[in-house]
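This report refers to the structure that appears directly beneath it.
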Amino acid sequence: MNYISRIATLIRRSFNDPSLYTEATSSRISKPLSVLAWISVVWALMISIPAGIALVLFVNTNFLDTASGMYPSELVVTIKDGEASANVTQPYFIDMPGKESASTSPQYLAKRSRII
């Protein structure tokens, strides 16, 4: 526990204590590198844990069924000679799943995806 509290103190000092940098130039190289390593570990955990949770939640959903259920039946997109065309007026919007609100509110318009 003492080691962890020393590392926490070093990390805290690295933000606002100029004397730490003076000590770092006169001490052996392992001390500044260990502080840098711990800062890197903390940042890596702060980024990877939420990303891992989001990935697990995404993997547990059946994305293909959700995506195919959102595709409108009246929309037909044809690709001919590298050009896409559709049988509906453009731009064509698909309502995103979620809470429905008034069709003129900014929140409703922000939930729409422009397809073509």
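Simple scheme: letters A, B, ... for chains in structure tokens order, numbers from 1 for residues in each chain, numbers from 1 for ligands in the order shown.
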Each residue of region 60-98 of chain A lying at most 12 Å from region 51-56 of chain A should get a row with its shortest atom-to-atom pair and the distance in Å to one decimal, counting only C-alpha atoms; could you produce that, ordered by chain and increasing number, as JSON lines?
{"residue": "A:Asn60", "atom": "CA", "partner": "A:Val56", "partner_atom": "CA", "distance": 6.2}
{"residue": "A:Thr61", "atom": "CA", "partner": "A:Val56", "partner_atom": "CA", "distance": 8.8}
{"residue": "A:Asn62", "atom": "CA", "partner": "A:Val56", "partner_atom": "CA", "distance": 11.8}
Exercise. What's the 12 Å shell around Ala37 (chain A), counting only C-alpha atoms, without same-chain residues fewer than 6 positions away, as a ChimeraX atom specification?
Worked result: /A:7,10-11,30-31,43-44
Would you put the residues from that selection into a file with C-alpha atoms, as a PDB file, in the first residue's frame?
ATOM      1  CA  ILE A   7       3.214   6.490  -6.864  1.00  0.00           C
ATOM      2  CA  LEU A  10       4.546  11.264  -7.546  1.00  0.00           C
ATOM      3  CA  ILE A  11       1.753  11.498 -10.110  1.00  0.00           C
ATOM      4  CA  SER A  30      14.193   4.707 -13.313  1.00  0.00           C
ATOM      5  CA  LYS A  31      12.228   7.074 -11.045  1.00  0.00           C
ATOM      6  CA  TRP A  43      -4.731   6.614 -18.723  1.00  0.00           C
ATOM      7  CA  ALA A  44      -4.834   3.264 -20.534  1.00  0.00           C
TER       8      ALA A  44
END
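Here CA of Ile49 (chain A) and CA of Asp17 (chain A) stand 29.5 Å from one another.
Going from CA of Val41 (chain A) to CA of Ser19 (chain A) covers 23.5 Å.
Note that the spacing between CA of Ile47 (chain A) and CA of Ser14 (chain A) amounts to 20.5 Å.
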For this session: Enumerate, as a list in words, the complete set of residues in region 46-81 of chain A that a backbone-based DSSP assignment places in helix (DSSP H, G or I).
Result: Met46, Ile47, Ser48, Ile49, Pro50, Ala51, Gly52, Ile53, Ala54, Leu55, Val56, Leu57, Phe58, Val59, Asn60, Phe63, Leu64, Asp65, Thr66, Ala67, Ser68, Gly69 and Met70 of chain A
